[in-house]
file coords10.txt (compact mmCIF, C-alpha atoms and all ligand atoms)
# COMPACT_ATOMS: atom_id res chain seq x y z
CA MET A 1 109.40 104.85 119.41
CA ASN A 2 109.22 108.53 118.73
CA SER A 3 109.24 107.95 115.02
CA LYS A 4 107.46 109.88 112.32
CA VAL A 5 104.03 109.08 110.88
CA ASP A 6 103.19 110.75 107.56
CA LEU A 7 99.55 110.31 106.51
CA HIS A 8 99.50 112.46 103.39
CA THR A 9 101.63 111.65 100.35
CA HIS A 10 101.16 111.21 96.59
CA THR A 11 102.74 108.99 93.93
CA THR A 12 102.64 108.58 90.15
CA PHE A 13 99.24 106.88 90.66
CA SER A 14 97.89 110.45 90.80
CA ASP A 15 99.89 113.66 90.46
CA GLY A 16 102.97 112.73 92.48
CA VAL A 17 106.38 112.63 90.83
CA LEU A 18 107.77 109.53 92.53
CA SER A 19 106.77 105.90 92.01
CA PRO A 20 105.72 103.93 95.10
CA SER A 21 109.20 102.41 95.52
CA GLU A 22 110.95 105.77 95.03
CA LEU A 23 108.62 107.36 97.59
CA MET A 24 109.22 104.61 100.14
CA ALA A 25 113.00 104.85 99.72
CA LYS A 26 112.82 108.58 100.38
CA ALA A 27 110.45 108.10 103.34
CA LYS A 28 112.85 105.61 104.88
CA GLN A 29 115.73 108.04 104.42
CA VAL A 30 113.97 110.81 106.38
CA GLY A 31 112.96 108.54 109.28
CA ILE A 32 109.30 107.81 108.58
CA SER A 33 108.05 104.59 110.17
CA VAL A 34 104.37 104.68 109.17
CA ILE A 35 103.08 106.10 105.91
CA SER A 36 99.81 106.51 104.06
CA VAL A 37 99.69 107.23 100.36
CA THR A 38 96.65 109.40 99.61
CA ASP A 39 96.52 109.61 95.85
CA HIS A 40 93.70 111.73 94.40
CA ASP A 41 90.51 109.75 93.71
CA THR A 42 92.26 106.41 93.28
CA VAL A 43 93.18 103.29 95.23
CA ALA A 44 94.97 101.73 92.25
CA GLY A 45 98.35 102.30 93.90
CA VAL A 46 97.52 100.54 97.18
CA PRO A 47 99.01 97.11 96.32
CA ASP A 48 102.28 98.55 94.92
CA CYS A 49 102.63 101.03 97.78
CA SER A 50 101.92 98.40 100.39
CA LYS A 51 104.58 96.09 98.90
CA ALA A 52 107.13 98.87 98.48
CA ALA A 53 106.62 99.99 102.10
CA ALA A 54 107.05 96.45 103.42
CA LYS A 55 110.26 96.12 101.43
CA VAL A 56 111.92 99.01 103.28
CA GLY A 57 110.31 98.18 106.64
CA ILE A 58 107.72 100.96 106.83
CA ASP A 59 104.16 100.30 108.06
CA PHE A 60 101.51 101.16 105.52
CA VAL A 61 97.98 102.55 105.99
CA PRO A 62 95.67 102.44 102.94
CA GLY A 63 94.65 105.99 102.03
CA LEU A 64 92.85 108.12 99.47
CA GLU A 65 92.24 111.86 98.91
CA ILE A 66 88.75 112.57 97.62
CA SER A 67 87.85 115.86 95.91
CA ALA A 68 84.38 116.52 97.28
CA SER A 69 81.87 119.32 97.38
CA VAL A 70 79.99 120.99 100.23
CA GLU A 71 77.24 123.34 99.06
CA GLY A 72 79.22 123.92 95.87
CA VAL A 73 82.54 124.51 97.65
CA GLU A 74 85.47 122.14 97.02
CA VAL A 75 87.00 120.27 99.94
CA HIS A 76 89.51 117.45 100.06
CA ILE A 77 88.62 114.50 102.25
CA LEU A 78 91.28 112.02 103.27
CA GLY A 79 90.22 108.44 103.88
CA TYR A 80 92.17 105.88 105.93
CA PHE A 81 91.91 102.26 107.08
CA PHE A 82 89.12 101.41 104.59
CA ASP A 83 88.98 98.15 102.68
CA PRO A 84 90.68 98.98 99.35
CA ASP A 85 88.64 96.27 97.63
CA ASN A 86 85.34 97.79 98.72
CA THR A 87 83.01 97.86 95.69
CA THR A 88 81.59 101.35 96.32
CA ILE A 89 85.07 102.85 96.60
CA ARG A 90 86.21 100.99 93.45
CA GLU A 91 83.20 102.28 91.52
CA TYR A 92 83.74 105.81 92.78
CA CYS A 93 87.38 105.74 91.62
CA ASP A 94 86.49 104.34 88.17
CA THR A 95 83.77 106.93 87.61
CA PHE A 96 85.87 109.88 88.66
CA ARG A 97 88.91 108.70 86.75
CA ASN A 98 86.80 109.06 83.61
CA HIS A 99 85.39 112.43 84.70
CA ARG A 100 88.93 113.66 85.29
CA ARG A 101 90.03 112.55 81.81
CA GLU A 102 87.11 114.34 80.15
CA ARG A 103 87.82 117.45 82.17
CA ALA A 104 91.53 117.36 81.25
CA MET A 105 90.56 117.28 77.57
CA ARG A 106 88.32 120.33 78.06
CA ILE A 107 91.20 122.18 79.73
CA VAL A 108 93.47 121.29 76.78
CA ASP A 109 90.75 122.66 74.43
CA LYS A 110 90.59 125.91 76.39
CA LEU A 111 94.37 126.24 76.30
CA ASP A 112 94.28 125.66 72.57
CA GLU A 113 91.96 128.66 72.19
CA LEU A 114 94.49 130.67 74.19
CA GLY A 115 97.28 129.73 71.78
CA ILE A 116 98.76 126.90 73.80
CA ALA A 117 98.78 123.80 71.63
CA LEU A 118 99.15 120.56 73.58
CA ASP A 119 98.62 117.10 72.16
CA HIS A 120 95.51 115.53 73.78
CA ASP A 121 96.79 111.97 73.42
CA LYS A 122 100.22 112.78 74.75
CA VAL A 123 98.84 114.53 77.84
CA ILE A 124 96.78 111.42 78.65
CA GLU A 125 99.68 109.12 77.82
CA ASP A 126 102.12 111.02 80.03
CA SER A 127 99.74 110.82 82.99
CA GLY A 128 100.40 107.07 82.80
CA GLU A 129 98.35 104.96 85.17
CA GLY A 130 97.66 107.96 87.34
CA THR A 131 94.40 109.85 87.83
CA ILE A 132 94.93 112.91 85.70
CA GLY A 133 94.83 116.37 87.26
CA ARG A 134 95.85 119.91 86.52
CA PRO A 135 99.47 119.23 87.58
CA HIS A 136 99.84 116.85 84.60
CA ILE A 137 98.68 119.57 82.23
CA ALA A 138 100.96 122.09 83.93
CA ASP A 139 103.80 119.66 83.36
CA ALA A 140 102.99 119.38 79.65
CA MET A 141 102.95 123.20 79.41
CA VAL A 142 106.39 123.43 81.00
CA ASN A 143 107.79 120.68 78.76
CA ALA A 144 106.46 122.40 75.64
CA GLY A 145 108.08 125.64 76.76
CA TYR A 146 104.90 127.71 77.17
CA VAL A 147 105.57 128.49 80.84
CA ALA A 148 108.68 128.44 83.00
CA SER A 149 107.26 126.43 85.90
CA ILE A 150 104.31 124.47 87.25
CA SER A 151 103.36 127.34 89.52
CA ASP A 152 103.38 129.77 86.58
CA ALA A 153 101.09 127.38 84.69
CA PHE A 154 98.66 127.53 87.63
CA ASP A 155 98.97 131.26 88.26
CA LEU A 156 98.59 132.26 84.62
CA TYR A 157 96.12 129.64 83.32
CA LEU A 158 94.98 126.74 85.45
CA LYS A 159 94.11 128.12 88.88
CA ASP A 160 90.47 128.25 89.99
CA GLY A 161 88.84 130.96 87.90
CA GLY A 162 91.92 131.15 85.63
CA PRO A 163 91.46 131.48 81.83
CA ALA A 164 91.83 127.73 81.21
CA TYR A 165 90.07 126.56 84.38
CA VAL A 166 87.39 123.90 84.11
CA SER A 167 85.65 122.81 87.29
CA SER A 168 85.58 119.10 87.99
CA ARG A 169 82.57 117.00 88.92
CA LYS A 170 82.63 116.07 92.57
CA ILE A 171 81.03 113.71 95.01
CA GLU A 172 78.97 115.32 97.81
CA ALA A 173 81.10 115.39 100.96
CA GLY A 174 78.38 113.66 103.00
CA ASP A 175 78.36 110.80 100.50
CA ALA A 176 82.17 110.55 100.61
CA ILE A 177 82.08 110.36 104.42
CA LYS A 178 79.41 107.62 104.27
CA MET A 179 81.35 105.76 101.58
CA LEU A 180 84.49 105.67 103.75
CA SER A 181 82.73 104.62 106.94
CA GLY A 182 80.78 101.98 104.97
CA ALA A 183 84.12 100.52 103.90
CA GLY A 184 85.36 100.37 107.51
CA GLY A 185 87.43 103.54 107.16
CA ILE A 186 87.57 107.02 108.61
CA SER A 187 87.31 110.46 107.01
CA VAL A 188 89.56 113.44 107.70
CA LEU A 189 89.20 116.96 106.32
CA ALA A 190 92.45 117.77 104.48
CA HIS A 191 94.33 121.08 104.87
CA PRO A 192 91.34 123.19 106.05
CA GLY A 193 93.63 126.20 106.44
CA GLN A 194 94.20 126.34 102.70
CA TRP A 195 90.76 127.45 101.64
CA THR A 196 88.04 125.96 103.85
CA SER A 197 85.74 128.37 105.70
CA ASP A 198 84.51 127.66 109.24
CA ARG A 199 81.01 127.41 107.85
CA THR A 200 82.14 124.54 105.61
CA VAL A 201 84.03 122.91 108.48
CA MET A 202 80.84 123.00 110.61
CA SER A 203 78.82 121.52 107.78
CA LEU A 204 81.30 118.62 107.50
CA ILE A 205 81.14 118.04 111.24
CA ARG A 206 77.35 117.79 110.97
CA SER A 207 77.82 115.28 108.13
CA GLY A 208 79.88 113.10 110.47
CA ILE A 209 83.48 113.72 109.47
CA ASP A 210 85.79 111.90 111.89
CA GLY A 211 88.84 114.10 111.92
CA VAL A 212 90.73 117.15 110.77
CA GLU A 213 94.23 117.44 109.33
CA VAL A 214 96.15 119.69 111.70
CA VAL A 215 99.75 119.23 110.56
CA HIS A 216 100.22 120.30 106.92
CA PRO A 217 102.78 122.47 105.08
CA SER A 218 100.12 125.17 104.57
CA HIS A 219 99.38 125.42 108.33
CA ASP A 220 101.57 127.61 110.51
CA GLN A 221 101.67 127.14 114.30
CA SER A 222 98.63 129.32 114.91
CA LEU A 223 96.51 127.50 112.31
CA GLN A 224 97.56 124.18 113.82
CA GLU A 225 96.45 125.43 117.23
CA TYR A 226 93.21 126.71 115.75
CA TYR A 227 92.24 123.36 114.24
CA ARG A 228 93.45 121.43 117.27
CA ASN A 229 90.97 123.45 119.35
CA ILE A 230 88.15 122.78 116.90
CA ALA A 231 88.97 119.07 117.07
CA ARG A 232 88.88 119.15 120.87
CA GLU A 233 85.59 121.03 120.94
CA PHE A 234 83.81 118.72 118.49
CA PHE A 235 85.46 115.41 119.47
CA LEU A 236 87.32 114.96 116.20
CA VAL A 237 90.58 113.06 115.78
CA THR A 238 93.58 114.96 114.43
CA SER A 239 95.91 113.95 111.64
CA GLY A 240 98.79 115.27 109.60
CA GLY A 241 101.37 114.79 106.92
CA SER A 242 103.58 116.35 104.30
CA ASP A 243 101.24 116.30 101.25
CA TYR A 244 104.42 115.31 99.45
CA HIS A 245 104.19 115.29 95.63
CA GLY A 246 107.93 114.80 95.05
CA PRO A 247 110.74 117.33 94.85
CA ARG A 248 109.36 120.59 93.49
CA LYS A 249 111.32 123.37 91.92
CA SER A 250 110.47 126.94 92.82
CA SER A 251 110.06 129.14 89.74
CA ARG A 252 111.54 132.13 91.54
CA SER A 253 114.62 130.74 93.28
CA GLY A 254 115.09 127.67 91.09
CA ARG A 255 115.70 125.76 94.32
CA THR A 256 114.20 122.36 94.97
CA THR A 257 112.31 121.95 98.22
CA GLU A 258 111.40 118.73 100.00
CA THR A 259 108.49 118.62 102.45
CA ILE A 260 108.74 114.94 103.31
CA GLY A 261 110.10 114.24 106.79
CA ARG A 262 109.24 117.75 108.01
CA TYR A 263 105.48 117.39 108.58
CA PHE A 264 104.35 114.38 110.60
CA ILE A 265 102.35 113.11 113.55
CA ARG A 266 103.31 110.60 116.25
CA LYS A 267 102.27 106.99 116.77
CA THR A 268 99.98 107.83 119.72
CA GLN A 269 97.92 110.06 117.40
CA LEU A 270 97.81 107.35 114.77
CA GLU A 271 96.45 104.92 117.35
CA LYS A 272 93.55 107.27 118.06
CA LEU A 273 92.72 107.36 114.34
CA ASP A 274 93.00 103.59 114.16
CA ASN A 275 90.65 103.22 117.15
CA VAL A 276 87.90 105.16 115.40
CA ALA A 277 88.12 102.78 112.46
CA SER A 278 88.31 99.66 114.67
CA ASN A 279 85.29 100.68 116.72
CA ARG A 280 83.38 101.23 113.51
CA VAL A 281 83.90 97.70 112.22
CA ALA A 282 83.14 96.10 115.61
P1 LIG B 301 92.99 118.98 90.31
O1 LIG B 301 92.87 117.77 91.20
O2 LIG B 301 93.12 118.62 88.89
O3 LIG B 301 91.92 120.01 90.56
O4 LIG B 301 94.39 119.67 90.70
C1 LIG B 301 94.61 120.07 92.01
C2 LIG B 301 96.03 119.75 92.43
O5 LIG B 301 96.89 120.67 91.79
C3 LIG B 301 96.26 119.95 93.91
O6 LIG B 301 96.04 118.75 94.62
C4 LIG B 301 97.70 120.36 93.98
O7 LIG B 301 98.51 119.20 94.04
C5 LIG B 301 97.96 121.04 92.66
N1 LIG B 301 97.97 122.51 92.72
C6 LIG B 301 96.94 123.33 93.00
N2 LIG B 301 97.31 124.63 92.94
C7 LIG B 301 98.62 124.63 92.62
C8 LIG B 301 99.61 125.66 92.39
N3 LIG B 301 99.28 126.96 92.49
N4 LIG B 301 100.85 125.28 92.07
C9 LIG B 301 101.18 123.98 91.97
N5 LIG B 301 100.31 122.97 92.17
C10 LIG B 301 99.05 123.28 92.48
ZN ZN B 302 97.89 116.54 94.29
FE FE B 303 94.51 118.31 98.72
FE FE B 304 97.18 115.95 98.78
call {"tool": "encode", "arguments": {"input": "coords10.txt", "output": "structure tokens"}}
result
Amino acid sequence: MNSKVDLHTHTTFSDGVLSPSELMAKAKQVGISVISVTDHDTVAGVPDCSKAAAKVGIDFVPGLEISASVEGVEVHILGYFFDPDNTTIREYCDTFRNHRRERAMRIVDKLDELGIALDHDKVIEDSGEGTIGRPHIADAMVNAGYVASISDAFDLYLKDGGPAYVSSRKIEAGDAIKMLSGAGGISVLAHPGQWTSDRTVMSLIRSGIDGVEVVHPSHDQSLQEYYRNIAREFFLVTSGGSDYHGPRKSSRSGRTTETIGRYFIRKTQLEKLDNVASNRVA
């Protein structure tokens, strides 16, 4: 009854390390009873994830994490309860999958100029079925021995404004919100505490965002309280999850940390999110 609901996870369909069945096995182990997989800009993993969840007896909510833009500023918008076969969402994912591939190739070109020679084809190949992102390139850099860890790859080269950074094309946040509601789903601003200003949060509220992610590894207690108050004031629903990408090794300590099972919401909160979506369709 008091079981854990994790609405923010990633698999190999984007930049996660675990396959859908590996993720679901791990989720089961740590006591999660409802899960959403929110791979970046793709719904390609929904059928596999849904099946894998059912196999271990976990309820599954279709999800997606959209990289969007508000007045030129990047935000991540989580979508839930939408119809994964919706044509507009399918087209969005196809378009941005291609944009992401082109961008990845430009990042590899920039790295090449900096003396880091990666094989274009291999980088694409190793991303498999997944939507390619900077973590895949970071991985290739580690494997080729240019950097010691993924976080070093980001800090030294790939981070926003870094020497090999290339910005990605993004959907306008207002359009992403409309796309999700048009597909019977809801929209939730992801991890606002990471880098989203209050001005941007207000702009998203005006655009009709339904909720805000309150529980997230990057939010301490006071940030959680801060966003819970904003949600109360502006009648938003609240959400949360682990943003799990798989076990990650720290470059400093060499230790592997696991966030899954430590960041979650409860079923009563999930029901409130579900109600927003249900009322929309009705
Ligand atoms: P992209 O979607 O290609 O812009 O890559 C962004 C993703 O990279 C985020 O969703 C994170 O999963 C990951 N990321 C961003 N910054 C870092 C960092 N400093 N270290 C490790 N992973 C990061
Ligand atoms: Zn990611
Ligand atoms: Fe994100
Ligand atoms: Fe995420």
call {"tool": "atom_distance", "arguments": {"input": "coords10.txt", "atom1": "CA of Tyr146 (chain A)", "atom2": "CA of Ser218 (chain A)"}}
result
27.9 Å
call {"tool": "residues_near_ligand", "arguments": {"input": "coords10.txt", "ligand": "ligand LIG 301 (chain B)", "cutoff": "6 Å", "atoms": "only C-alpha atoms and all ligand atoms", "output": "PyMOL selection string"}}
result
chain A and resi 133-135+150-151+154
call {"tool": "atom_distance", "arguments": {"input": "coords10.txt", "atom1": "CA of Asp175 (chain A)", "atom2": "CA of Glu225 (chain A)"}}
result
28.7 Å
call {"tool": "residues_near_ligand", "arguments": {"input": "coords10.txt", "ligand": "ligand FE 304 (chain B)", "cutoff": "8 Å", "atoms": "all atoms listed in the file", "output": "list in words"}}
result
His8, Thr9, His10, Thr38, Asp39, His40, Glu65, His76, Ala190, Asp243, Tyr244 and His245 of chain A
call {"tool": "closest_residue", "arguments": {"input": "coords10.txt", "among": "A:Leu158, A:Val166, A:Ala173, A:Val75", "to": "ligand FE 303 (chain B)", "atoms": "all atoms listed in the file"}}
result
A:Val75
call {"tool": "residues_around", "arguments": {"input": "coords10.txt", "residues": "Ser168 (chain A)", "least_positions_apart": "3", "cutoff": "10 Å", "atoms": "only C-alpha atoms", "output": "number ranges by chain"}}
result
A: 67-68, 74, 96, 99-100, 102-104, 133, 165, 171
call {"tool": "atom_distance", "arguments": {"input": "coords10.txt", "atom1": "CA of Val142 (chain A)", "atom2": "CA of His216 (chain A)"}}
result
26.8 Å
call {"tool": "closest_residue", "arguments": {"input": "coords10.txt", "among": "A:Gly254, A:Glu91, A:Ala52, A:Arg262", "to": "Ala148 (chain A)", "atoms": "all atoms listed in the file"}}
result
A:Gly254
call {"tool": "closest_residue", "arguments": {"input": "coords10.txt", "among": "A:Asn98, A:Ser197, A:Thr238, A:Ser127", "to": "Val17 (chain A)", "atoms": "all atoms listed in the file"}}
result
A:Ser127
call {"tool": "residues_around", "arguments": {"input": "coords10.txt", "residues": "region 210-213 of chain A", "least_positions_apart": "3", "cutoff": "10 Å", "atoms": "only C-alpha atoms", "output": "VMD selection string"}}
result
chain A and resid 7 to 8 77 to 79 177 181 185 to 193 201 204 to 205 207 216 219 224 227 to 228 230 to 231 234 to 241 273 276 to 277
call {"tool": "closest_residue", "arguments": {"input": "coords10.txt", "among": "A:Gly162, A:Gly16, A:Glu271, A:Asp85", "to": "His136 (chain A)", "atoms": "all atoms listed in the file"}}
result
A:Gly16
call {"tool": "closest_residue", "arguments": {"input": "coords10.txt", "among": "A:Thr259, A:Ser21, A:Ser149, A:Gln194", "to": "ligand FE 303 (chain B)", "atoms": "only C-alpha atoms and all ligand atoms"}}
result
A:Gln194
call {"tool": "closest_residue", "arguments": {"input": "coords10.txt", "among": "A:Leu64, A:Ala144, A:Met179, A:Val46", "to": "ligand FE 303 (chain B)", "atoms": "all atoms listed in the file"}}
result
A:Leu64
